[in-house]
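Below is one structure, written out as structure tokens; comments come after it.
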Number of protein chains: 2
Amino acid sequence: MSTDRIVVTAPGKIILHGEHAVVYGKAAIAATLDLRCKLTLSKSSDGLVQLDLPDISVHNKWPAQGIKDGLKQLQTAGSTTDPEPASEKTIEEIKKFLGHNIDKSDAPNLAVIAFIYIYNSLFHGNEQYPCISVLMESEIPVGAGLGSSAAFSVSLAASLLEFSGCIQCEKTNGSISGWSSKDRDVINKWAFIGEKVMHGKPSGIDNSVSTYGGALKFQKGKITHIDKMPTLNAILVNTKVPRSTLTLVGVFKERYDKYREIFDPVLESIEAITERSLAVFEKLYDNPKPDDYLTLEELVEYNHRLLALMGVSHPCLEVIVNMANKYNLKTKLTGAGGGGCAFILVPPDTKEESINSLRKDLETECQFKMWSGISIGGGGVARHL
Amino acid sequence: MSTDRIVVTAPGKIILHGEHAVVYGKAAIAATLDLRCKLTLSKSSDGLVQLDLPDISVHNKWPAQGIKDGLKQLQTAGSTTDPEPASEKTIEEIKKFLGHNIDKSDAPNLAVIAFIYIYNSLFHGNEQYPCISVLMESEIPVGAGLGSSAAFSVSLAASLLEFSGCIQCEKTNGSISGWSSKDRDVINKWAFIGEKVMHGKPSGIDNSVSTYGGALKFQKGKITHIDKMPTLNAILVNTKVPRSTLTLVGVFKERYDKYREIFDPVLESIEAITERSLAVFEKLYDNPKPDDYLTLEELVEYNHRLLALMGVSHPCLEVIVNMANKYNLKTKLTGAGGGGCAFILVPPDTKEESINSLRKDLETECQFKMWSGISIGGGGVARHL
């Protein structure tokens, strides 16, 4: 396959169950959300390296030779199959090269630094640094807890690795069939390197989901891929209410510290919901039955109620719960809560008119953003061209 | 004190915490609700025994001699201090005497039977049965789970026992100071006899609360009086949605049977709320502090949320929760749920205008019935004249 033009997409992620409880050592489930980050890498001949991330207002270009000259002393990630993260000193040096103030660490700047670090590491040995342009177009809302930065990291890593020849997408009967599991491991490691630049100490969950697809369970730092994950149809709703994960973790911590004897069992109940969901996913994967969808819906309802009890819901989220309830659909906040996003499960027998009517309620009445026909648990990073 | 005219009132009851959980062996707290049943017993000289319970459409009179003649062979309760309940056969015989169909066992008829059994038992040895008229006027809505029948039983037992001379209300400095604890024990036993006629197998909680006042804890059939119970100010709201306790116990049982691992911790959490409330009651009783009221409100909110999770709330109850929330007041359903009543805690700093405004919302908008300024945990049965 040509590497003159590489188009890669990577999905966002959603927490199905266990957010907040995971802070207290309980298991959680993350799954792909089929809003995708699309990255187009094109070989160019203008001597430039160009990075366009319009969603976060990044439009940069540098002479390829300038990067090589400017960063030839820079630490690289080393081994392709076992890359090292950028040290703080390295990040500072890249900032200097970019002419950034050292304290400037907002998302767009960190995304640029991640790009430079990966680009420089992969092509460090080359006599000439390649001229490329990278364009990201993403469907994933930024800062909504849906893994937008991980999807960028994953698609960036995949496209640069593919371009460099370190990994190679397989082709069967003329159509792209994806990367080997070894190649995916490499993508995931590099994506994690990118995430580390952007987030300091990421859990690795977002990039793993986005790389491998499906869903995974994580608990006490251990990530396990869920082998039998059905693809679920859902509606995603963004309340557009900004929230801070840290603040909401604090909201529950205060409640927990005051009423530990009340909330310890609540966390146990949530863990039981997580485990029960995993069991139902397996049943649905092997042999889908309407009753199992009903169970998933009940679990979603229960978990949302427990999260509300923990203090991490928001009046806007309750509006979604109530509006979806009118169509007998079940809703759960996802991620930190306190605003942000909620998902609504859409079982196979749901009528199209219910969804249209719900959209009217949510978008016209409430000014929320709603996406319907979204798969949860679908495929991970993919090359399209 | 004269016994020519005796006026007695007895309070209703409310479940503060632990309804439904109590079915699974967890503790619950019942407290008096200061809506009262007022019973006026007057000696007459018309040869008649008259019973007027207008709330349940009972207006009966019998010649006193007719009762004596008709029921002279009837089983009595025996010992005044340790009365025996009416056997099924005795109840059938009273029905025959009253000219009732044997299968007719609705609330009004059972109330009449309870009266006759207690009256006949207390005056059985007398040469002449006393001519009295008994009038009940009750503030407690019937069939709303607020212990209306127990309040009737308690006030009936207290007035008849007082009239018969079996107990004697004390008088200090010209004002009535109440019954000794021994006398209250006797009232409670006879009230329980009345409850047994009316309910078959009552728990004894309702009559105990109404007799002794304050609050009590009950668990696995054991009833313990709570010694340090503060009097709490509350609003009571009746949704007027009829519900059946049995049905709602069934609703949760179905959920529990399907998701035992999820709801066992929920029941534990409710038990922790009950225990924490008991600890706060003691603190408030000894030394009231605003923070403790806040804690009580939080506990009320949490328990309501858990009950909703258990499936025993109702859209009308959620309307009350949301409306009270607008004034930063916390609500909990009480009793079976699925309609029925909810209470709203009213901490000392609550503004009168909030309560008036809430009344408008609840009564005008929703057609609910609201009582404000209701004490919870106040005194039990009392003689007023």
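Ordering of the structure tokens sets the chain letters (A, B, ...); residue numbers start at 1 within each chain; ligands are numbered from 1 in the order shown.
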With a distance cut-off of 10 Å and only C-alpha atoms, select the neighbouring residues of Glu170 (chain B), excluding the residue or stretch itself and same-chain residues fewer than 2 positions from it, and output the selection as a ChimeraX atom specification. /B:1,167-168,172,174-180,383
Distance limit 10 Å, atoms considered: only C-alpha atoms. Which chain B residues sit that close to chain A? Return them as JSON, numbers by chain. {"B": [255, 258, 259, 260, 261, 262, 263, 264, 265, 266, 267, 268, 269, 270, 271, 272, 273, 274, 275, 276, 295, 298, 299, 301, 302, 303, 304, 305, 306, 308, 309, 310, 311]}
Please run DSSP on the backbone and report, as a PyMOL selection string, all residues within region 100-234 of chain A that come out as strand (DSSP E). chain A and resi 132-138+170-172+175-178+215-219+222-226+232-234
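With only C-alpha atoms taken into account, the protein and nucleic acid residues at most 7 Å from Ala31 (chain B) (excluding it and anything under 2 positions from it in its own chain) are Lys13, Ile14, Ile15, Leu16, Ile29, Leu33, Val209, Gly214, Ala215, Leu216, Ile376 and Gly377 of chain B.
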Dump as a PDB file, in the first residue's frame, selection limited to N, CA and C atoms:
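New file out.pdb:
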```pdb
ATOM      1  N   LYS B  13     -48.568   7.759  62.705  1.00  0.00           N
ATOM      2  CA  LYS B  13     -47.128   7.426  62.670  1.00  0.00           C
ATOM      3  C   LYS B  13     -46.585   7.568  61.245  1.00  0.00           C
ATOM      4  N   ILE B  14     -45.298   7.689  61.231  1.00  0.00           N
ATOM      5  CA  ILE B  14     -44.608   7.820  59.965  1.00  0.00           C
ATOM      6  C   ILE B  14     -43.383   6.910  60.027  1.00  0.00           C
ATOM      7  N   ILE B  15     -42.993   6.335  58.887  1.00  0.00           N
ATOM      8  CA  ILE B  15     -41.720   5.595  58.872  1.00  0.00           C
ATOM      9  C   ILE B  15     -40.643   6.585  58.446  1.00  0.00           C
ATOM     10  N   LEU B  16     -39.673   6.800  59.320  1.00  0.00           N
ATOM     11  CA  LEU B  16     -38.602   7.750  58.985  1.00  0.00           C
ATOM     12  C   LEU B  16     -37.574   7.103  58.057  1.00  0.00           C
ATOM     13  N   ILE B  29     -37.147   2.826  61.506  1.00  0.00           N
ATOM     14  CA  ILE B  29     -37.547   3.766  62.560  1.00  0.00           C
ATOM     15  C   ILE B  29     -38.950   4.283  62.252  1.00  0.00           C
ATOM     16  N   LEU B  33     -46.479  11.113  64.208  1.00  0.00           N
ATOM     17  CA  LEU B  33     -46.759  12.180  63.264  1.00  0.00           C
ATOM     18  C   LEU B  33     -47.908  12.936  63.902  1.00  0.00           C
ATOM     19  N   VAL B 209     -46.037   3.211  68.762  1.00  0.00           N
ATOM     20  CA  VAL B 209     -45.648   4.602  68.531  1.00  0.00           C
ATOM     21  C   VAL B 209     -46.750   5.528  69.023  1.00  0.00           C
ATOM     22  N   GLY B 214     -42.879   9.743  70.606  1.00  0.00           N
ATOM     23  CA  GLY B 214     -41.471   9.734  70.215  1.00  0.00           C
ATOM     24  C   GLY B 214     -41.246   8.869  68.991  1.00  0.00           C
ATOM     25  N   ALA B 215     -40.291   7.965  69.126  1.00  0.00           N
ATOM     26  CA  ALA B 215     -39.965   7.120  67.983  1.00  0.00           C
ATOM     27  C   ALA B 215     -39.513   5.771  68.491  1.00  0.00           C
ATOM     28  N   LEU B 216     -39.549   4.787  67.634  1.00  0.00           N
ATOM     29  CA  LEU B 216     -39.028   3.486  68.018  1.00  0.00           C
ATOM     30  C   LEU B 216     -38.357   2.831  66.828  1.00  0.00           C
ATOM     31  N   ILE B 376     -42.788  15.630  64.110  1.00  0.00           N
ATOM     32  CA  ILE B 376     -42.462  14.200  64.071  1.00  0.00           C
ATOM     33  C   ILE B 376     -41.734  13.880  65.368  1.00  0.00           C
ATOM     34  N   GLY B 377     -42.115  12.796  66.000  1.00  0.00           N
ATOM     35  CA  GLY B 377     -41.436  12.405  67.238  1.00  0.00           C
ATOM     36  C   GLY B 377     -41.992  13.070  68.488  1.00  0.00           C
TER      37      GLY B 377
END
```
For Arg359 (chain A), which residue among A:Met229, A:Pro290, A:Val237, A:Leu284 is the nearest when counting only C-alpha atoms? A:Val237
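Take the candidates B:Lys369, B:Lys72, B:Lys95, B:Lys89 and check each one against Asn126 (chain B) using only C-alpha atoms; the shortest distance goes to B:Lys72.
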Report the distance between CA of Met370 (chain B) and CA of Ala336 (chain B) in Å, rounded to one decimal place. 18.6 Å
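Excluding Arg36 (chain B) itself and same-chain residues fewer than 3 positions from it, the residues having an atom within 7 Å of it are Thr9, Ala10, Pro11, Gly12, Ser138, Glu139 and Ile140 of chain B, counting only C-alpha atoms.
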Take the residues from that selection and write them out as a PDB file, in the first residue's frame, keeping C-alpha atoms.
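Written file, out.pdb:
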```pdb
ATOM      1  CA  THR B   9     -56.108  12.097  71.225  1.00  0.00           C
ATOM      2  CA  ALA B  10     -53.530   9.756  69.734  1.00  0.00           C
ATOM      3  CA  PRO B  11     -51.033  10.526  66.977  1.00  0.00           C
ATOM      4  CA  GLY B  12     -50.499   8.874  63.624  1.00  0.00           C
ATOM      5  CA  SER B 138     -59.468  12.232  63.032  1.00  0.00           C
ATOM      6  CA  GLU B 139     -56.976  14.358  61.143  1.00  0.00           C
ATOM      7  CA  ILE B 140     -55.157  11.278  59.891  1.00  0.00           C
TER       8      ILE B 140
END
```
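Rounded to one decimal, CA of Asp286 (chain A) and CA of Pro347 (chain A) lie 16.7 Å from each other.
We find CA of Trp371 (chain B) and CA of Lys351 (chain B) to be spaced 15.8 Å apart.
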